[in-house]
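Data file: protein.txt. Format and content: compact mmCIF, C-alpha atoms.
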# COMPACT_ATOMS: atom_id res chain seq x y z
CA MET A 99 50.49 33.98 39.11
CA GLN A 100 48.38 32.16 36.53
CA ALA A 101 45.93 33.72 34.09
CA HIS A 102 43.45 31.71 32.04
CA LEU A 103 42.07 33.10 28.76
CA VAL A 104 38.73 31.38 28.09
CA GLN A 105 37.86 31.21 24.38
CA PRO A 106 34.33 29.86 23.77
CA ASN A 107 32.16 29.50 20.72
CA THR A 108 29.53 31.93 21.97
CA HIS A 109 25.85 31.08 21.44
CA TRP A 110 23.88 33.99 19.99
CA GLU A 111 21.64 35.59 22.65
CA ASP A 112 21.50 32.37 24.70
CA LYS A 113 22.76 33.11 28.18
CA ASP A 114 22.15 29.70 29.71
CA ALA A 115 24.00 27.94 26.88
CA ASN A 116 26.91 30.33 27.29
CA TYR A 117 27.05 29.80 31.05
CA ARG A 118 27.25 26.06 30.39
CA SER A 119 30.03 26.54 27.83
CA ILE A 120 32.15 28.52 30.28
CA CYS A 121 31.63 25.91 33.00
CA ARG A 122 32.52 23.09 30.62
CA LEU A 123 35.74 24.79 29.51
CA LEU A 124 36.80 25.62 33.06
CA ASP A 125 35.93 22.15 34.33
CA ALA A 126 38.15 20.67 31.62
CA ARG A 127 41.06 22.89 32.65
CA PRO A 128 40.42 23.90 36.26
CA PRO A 129 42.12 27.06 37.50
CA ALA A 130 43.85 27.06 40.86
CA ARG A 131 42.73 29.20 43.76
CA PHE A 132 43.53 32.91 43.31
CA ASP A 133 44.16 32.56 39.55
CA LEU A 134 42.75 35.14 37.12
CA VAL A 135 40.08 33.90 34.69
CA VAL A 136 39.18 36.15 31.74
CA LEU A 137 36.09 35.75 29.54
CA PRO A 138 35.40 37.53 26.23
CA GLU A 139 33.40 40.70 25.68
CA MET A 140 29.64 40.00 26.02
CA PHE A 141 30.47 36.35 26.72
CA ASP A 142 26.87 35.70 27.76
CA THR A 143 25.12 36.79 24.54
CA GLY A 144 27.56 37.47 21.73
CA PHE A 145 27.95 40.90 20.13
CA SER A 146 24.22 41.66 20.03
CA PHE A 147 22.67 45.10 20.49
CA ASN A 148 19.20 43.71 21.24
CA LEU A 149 19.08 45.26 24.69
CA GLY A 150 15.74 43.74 25.60
CA THR A 151 17.32 40.30 25.40
CA THR A 152 20.97 40.90 26.17
CA ALA A 153 20.97 43.40 29.06
CA ASP A 154 21.55 41.83 32.45
CA HIS A 155 18.15 43.00 33.73
CA ASP A 156 17.80 40.36 36.42
CA GLY A 157 21.46 40.20 37.38
CA GLY A 158 21.75 36.65 36.08
CA THR A 159 25.15 37.15 34.49
CA LEU A 160 26.46 39.03 37.50
CA GLY A 161 25.21 36.16 39.65
CA PHE A 162 26.94 33.65 37.39
CA LEU A 163 30.24 35.54 37.66
CA ARG A 164 29.95 35.74 41.42
CA GLN A 165 29.09 32.06 41.74
CA GLN A 166 31.99 30.98 39.51
CA ALA A 167 34.49 33.22 41.30
CA LYS A 168 33.45 32.06 44.74
CA SER A 169 33.06 28.35 43.98
CA ARG A 170 36.41 28.16 42.17
CA GLY A 171 38.21 30.62 44.44
CA VAL A 172 39.40 32.78 41.54
CA THR A 173 39.25 36.34 40.30
CA ILE A 174 37.02 36.38 37.20
CA HIS A 175 36.83 39.16 34.60
CA GLY A 176 33.79 38.88 32.32
CA GLY A 177 31.79 41.04 29.91
CA ARG A 178 28.07 41.78 30.04
CA THR A 179 25.53 44.39 28.93
CA VAL A 180 23.80 46.65 31.44
CA LEU A 181 21.30 49.47 30.98
CA GLY A 182 22.22 52.98 32.01
CA PRO A 183 19.76 55.50 33.48
CA ASP A 184 19.24 56.87 29.95
CA GLY A 185 17.95 53.48 28.77
CA ARG A 186 20.99 52.94 26.57
CA GLY A 187 23.39 50.06 26.94
CA ARG A 188 26.77 49.95 28.61
CA ASN A 189 29.27 47.39 27.37
CA ARG A 190 30.73 46.46 30.73
CA SER A 191 33.51 44.34 32.15
CA THR A 192 32.76 43.15 35.67
CA VAL A 193 35.53 41.78 37.88
CA VAL A 194 34.65 39.53 40.82
CA GLY A 195 37.07 38.35 43.49
CA PRO A 196 37.43 34.93 45.14
CA GLU A 197 34.97 35.84 47.91
CA GLY A 198 32.29 36.79 45.37
CA ASP A 199 32.69 40.54 45.82
CA VAL A 200 32.75 42.93 42.85
CA LEU A 201 36.27 44.37 42.62
CA ALA A 202 35.79 46.66 39.63
CA GLU A 203 33.53 47.53 36.72
CA TYR A 204 34.64 49.18 33.49
CA ASP A 205 32.42 50.52 30.70
CA LYS A 206 33.83 50.44 27.17
CA ILE A 207 35.03 53.93 26.32
CA HIS A 208 34.86 53.43 22.54
CA PRO A 209 31.70 51.61 21.37
CA PHE A 210 32.19 50.50 17.77
CA THR A 211 31.11 53.34 15.48
CA LEU A 212 31.49 51.77 12.04
CA GLY A 213 28.82 50.08 9.96
CA ILE A 214 25.31 50.87 8.76
CA PRO A 215 23.61 53.72 10.69
CA GLY A 216 21.07 52.26 13.07
CA SER A 217 22.94 48.98 13.44
CA ARG A 218 26.17 50.15 15.07
CA GLU A 219 27.16 49.54 18.67
CA SER A 220 27.37 53.29 19.21
CA ASP A 221 23.71 53.66 18.17
CA SER A 222 22.58 51.63 21.20
CA PHE A 223 25.43 51.97 23.70
CA SER A 224 26.77 54.99 25.53
CA PRO A 225 30.54 55.28 26.06
CA GLY A 226 32.23 54.82 29.39
CA GLU A 227 33.86 57.85 30.90
CA ALA A 228 36.86 56.67 32.91
CA ALA A 229 39.77 54.27 32.97
CA VAL A 230 39.64 51.54 35.60
CA ALA A 231 42.30 49.41 37.28
CA TYR A 232 42.07 46.85 40.07
CA ASP A 233 44.34 44.67 42.19
CA TRP A 234 44.65 40.98 41.37
CA ARG A 235 45.78 39.51 44.67
CA THR A 236 47.27 36.14 45.51
CA PRO A 237 49.02 35.06 48.73
CA GLN A 238 52.36 35.46 46.92
CA ALA A 239 51.94 38.77 45.07
CA THR A 240 49.66 41.52 43.80
CA LEU A 241 49.44 42.88 40.26
CA ARG A 242 47.57 45.98 39.12
CA VAL A 243 45.28 45.21 36.17
CA GLY A 244 43.99 47.79 33.70
CA CYS A 245 40.84 47.39 31.62
CA ALA A 246 39.98 47.84 27.95
CA ILE A 247 37.38 46.25 25.68
CA CYS A 248 37.77 45.29 22.01
CA TYR A 249 37.65 48.53 19.91
CA ASP A 250 39.35 50.38 22.79
CA LEU A 251 42.52 48.57 21.70
CA ARG A 252 42.81 50.93 18.72
CA PHE A 253 43.06 53.96 21.01
CA PRO A 254 46.36 53.98 22.92
CA GLU A 255 45.21 56.74 25.27
CA VAL A 256 42.75 54.30 26.89
CA LEU A 257 45.60 52.09 28.05
CA ARG A 258 47.78 55.10 28.88
CA ALA A 259 45.07 56.15 31.32
CA GLY A 260 45.27 52.70 32.88
CA LEU A 261 49.05 53.02 33.08
CA ALA A 262 48.55 56.23 35.06
CA LEU A 263 46.50 54.15 37.52
CA GLY A 264 49.44 51.81 38.00
CA ALA A 265 48.47 49.00 35.60
CA GLU A 266 51.10 46.32 35.05
CA VAL A 267 48.76 44.01 33.14
CA PHE A 268 46.01 44.97 30.68
CA VAL A 269 43.04 42.71 30.01
CA VAL A 270 41.27 43.16 26.66
CA PRO A 271 38.12 41.03 26.21
CA ALA A 272 36.85 41.19 22.63
CA ASN A 273 34.57 40.06 19.85
CA TRP A 274 37.21 40.65 17.18
CA PRO A 275 36.36 39.40 13.65
CA VAL A 276 38.60 37.28 11.45
CA THR A 277 38.75 39.99 8.77
CA ARG A 278 40.91 42.13 11.08
CA VAL A 279 42.82 39.46 13.01
CA GLY A 280 46.14 40.85 11.75
CA HIS A 281 45.30 44.17 13.40
CA TRP A 282 44.43 42.33 16.61
CA ARG A 283 47.82 40.68 16.82
CA THR A 284 49.72 43.86 15.97
CA LEU A 285 47.78 46.12 18.32
CA LEU A 286 48.11 43.75 21.27
CA ARG A 287 51.88 43.76 20.83
CA ALA A 288 52.01 47.53 20.36
CA ARG A 289 50.02 48.20 23.53
CA ALA A 290 52.31 45.86 25.48
CA ILE A 291 55.50 47.45 24.17
CA GLU A 292 54.47 51.07 24.65
CA ASN A 293 53.14 50.50 28.18
CA GLN A 294 55.80 47.95 29.17
CA ALA A 295 53.01 45.75 30.47
CA PHE A 296 51.53 42.30 30.00
CA VAL A 297 48.53 42.35 27.66
CA LEU A 298 45.93 39.57 27.66
CA GLY A 299 43.65 39.66 24.62
CA VAL A 300 40.68 37.32 25.05
CA ASN A 301 38.59 36.67 21.94
CA ARG A 302 35.89 34.19 20.95
CA THR A 303 35.52 31.70 18.14
CA GLY A 304 32.60 30.66 15.93
CA ALA A 305 30.17 32.88 14.02
CA ASP A 306 27.18 35.16 14.55
CA PRO A 307 24.08 35.50 12.34
CA THR A 308 25.10 39.12 11.68
CA PRO A 309 27.19 37.53 9.97
CA LEU A 310 30.58 37.83 11.63
CA VAL A 311 33.18 35.08 11.91
CA TYR A 312 35.62 35.06 14.80
CA PRO A 313 39.15 33.65 14.65
CA GLY A 314 39.84 32.94 18.30
CA ALA A 315 43.50 33.97 18.53
CA SER A 316 43.32 34.82 22.23
CA THR A 317 46.84 35.96 23.02
CA ALA A 318 49.10 36.76 25.95
CA ILE A 319 51.92 39.26 25.35
CA ASP A 320 54.80 40.05 27.69
CA PRO A 321 56.02 43.59 28.56
CA GLN A 322 58.60 43.53 25.74
CA GLY A 323 56.03 42.54 23.12
CA GLU A 324 56.87 38.84 22.95
CA VAL A 325 54.03 36.36 22.47
CA LEU A 326 53.75 34.08 25.50
CA ALA A 327 50.81 32.05 24.18
CA GLU A 328 48.26 32.23 21.37
CA ALA A 329 45.16 30.14 20.78
CA GLY A 330 44.02 28.78 17.45
CA ALA A 331 40.44 28.96 16.21
CA GLU A 332 39.03 26.22 18.45
CA GLU A 333 37.30 26.49 21.81
CA CYS A 334 39.94 26.34 24.50
CA VAL A 335 41.47 27.79 27.64
CA VAL A 336 44.92 29.35 27.28
CA SER A 337 46.82 29.31 30.58
CA VAL A 338 49.85 31.51 31.06
CA GLU A 339 52.24 32.43 33.86
CA ILE A 340 52.25 36.14 34.70
CA ASP A 341 55.43 36.94 36.62
CA PRO A 342 55.27 40.27 38.50
CA GLY A 343 59.06 40.40 38.53
CA ARG A 344 59.15 40.32 34.74
CA VAL A 345 57.28 43.59 34.29
CA ARG A 346 58.97 45.29 37.23
CA ARG A 347 62.49 44.34 36.17
CA TRP A 348 61.92 45.53 32.61
CA ARG A 349 60.43 48.84 33.73
CA ALA A 350 63.35 49.39 36.10
CA LYS A 351 65.93 48.54 33.43
CA PHE A 352 64.32 50.57 30.62
CA PRO A 353 62.01 53.13 32.28
CA ALA A 354 60.49 54.68 29.18
CA TRP A 355 57.04 54.29 30.75
CA ARG A 356 57.83 57.13 33.15
CA GLU A 357 57.87 59.58 30.23
CA ALA A 358 54.39 58.63 29.04
CA PRO A 359 52.10 61.68 28.86
CA GLN A 360 49.56 61.71 31.66
CA PRO A 361 45.94 61.73 30.45
Written as structure tokens, that's how I'd like the structure from this file.
Amino acid sequence: MQAHLVQPNTHWEDKDANYRSICRLLDARPPARFDLVVLPEMFDTGFSFNLGTTADHDGGTLGFLRQQAKSRGVTIHGGRTVLGPDGRGRNRSTVVGPEGDVLAEYDKIHPFTLGIPGSRESDSFSPGEAAVAYDWRTPQATLRVGCAICYDLRFPEVLRAGLALGAEVFVVPANWPVTRVGHWRTLLRARAIENQAFVLGVNRTGADPTPLVYPGASTAIDPQGEVLAEAGAEECVVSVEIDPGRVRRWRAKFPAWREAPQP
């Protein structure tokens, strides 16, 4: 089973430009049918809290994800902003299967709370309430995939909740800044080791006018915490083999995961 970590230089609040970037990167390194394609957090707008511009009011980003999944025959996992009934944002991962059907949606449980009051993610976005996992299916095998988004990575209980849902792989789309890239690398490995699971951290590159600079460093970690692949700071697609037997053999040999507290 192949996963593809798509690392773009995201254009600030420009959805059409970002759709084109994703298409260009995938066209240059086409995934095979039934592969898993993962895009960064808020891939369509960058890490903007301007809900009037960034929220997927017309379903354009959802439509883009569905079109890409169906036309390429892949499962695609991408981040967008939606509005909740309270008028506040939800930082959401939407997963679409090869037939264009929505397989799962996960809302970020921990919006970023740090920064200047009035300009923090948590000032505009409400937290999600539940862990989510879904089945990534191919003709050869099925893997259970758990969801987290960016700042969630700092809270191990989020992934533990996914483990309780049977997750064997965790996908972590992010807008993770260069100033904390060392934390990114360490936390991805820690979450993989403690859950005995693959972890796919998918970041972006470039800079925002906020200003934040992003290091790329999209990374795939195996269930024993070994780095399978890591991107540099350039736009790219990182492709990695995800072997279901690898996680299942390790869990059977060293079943520490069974003693994990249930959330």
Could you give me, as JSON, numbers by chain, the residues within 6 Å of region 206-223 of chain A, counting only C-alpha atoms and dropping anything in the same chain fewer than 5 positions from it? {"A": [186, 187, 188, 189, 247, 250]}
Under the rule of at most 12 Å, produce a per-residue listing of region 256-332 of chain A near region 232-238 of chain A: chain, number, name, the closest pair of atoms, and the distance in Å, as CSV, using all atoms listed in the file.
residue,atom,partner,partner_atom,distance
A:Gly260,CA,A:Tyr232,CA,9.8
A:Leu261,CA,A:Tyr232,CA,11.6
A:Leu263,CA,A:Tyr232,CA,8.9
A:Gly264,CA,A:Tyr232,CA,9.1
A:Ala265,CA,A:Tyr232,CA,8.1
A:Glu266,CA,A:Asp233,CA,10.0
A:Val267,CA,A:Trp234,CA,9.7
A:Phe268,CA,A:Tyr232,CA,10.4
A:Val269,CA,A:Tyr232,CA,10.9
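Of the listed residues (A:Arg278, A:Arg349, A:His102, A:Arg356), A:His102 comes nearest to Leu298 (chain A); the distances count all atoms listed in the file.
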Here CA of Asp320 (chain A) and CA of Val194 (chain A) stand apart by 24.1 Å
Excluding Ala327 (chain A) and any residue of its chain fewer than 2 positions from it, enumerate the residues within 7 Å of it, using all atoms listed in the file, and give them as a PDB file with C-alpha atoms, in the frame of the given file.
ATOM      1  CA  THR A 317      46.840  35.960  23.020  1.00  0.00           C
ATOM      2  CA  ALA A 318      49.100  36.760  25.950  1.00  0.00           C
ATOM      3  CA  VAL A 325      54.030  36.360  22.470  1.00  0.00           C
ATOM      4  CA  ALA A 329      45.160  30.140  20.780  1.00  0.00           C
ATOM      5  CA  VAL A 338      49.850  31.510  31.060  1.00  0.00           C
TER       6      VAL A 338
END
For Glu357 (chain A), find every residue with an atom within 12 Å (counting all atoms listed in the file), except residues of its own chain fewer than 5 positions away, and show them as an NGL selection string. :A and (258 or 261-262 or 292-294 or 349 or 352)
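Interatomic distance, CA of Val104 (chain A) against CA of Ala259 (chain A): 25.8 Å.
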So which residues touch Gly177 (chain A) within 7 Å, counting all atoms listed in the file, skipping near sequence neighbours fewer than 6 positions away, as a VMD selection string? chain A and resid 137 to 141 190 to 192
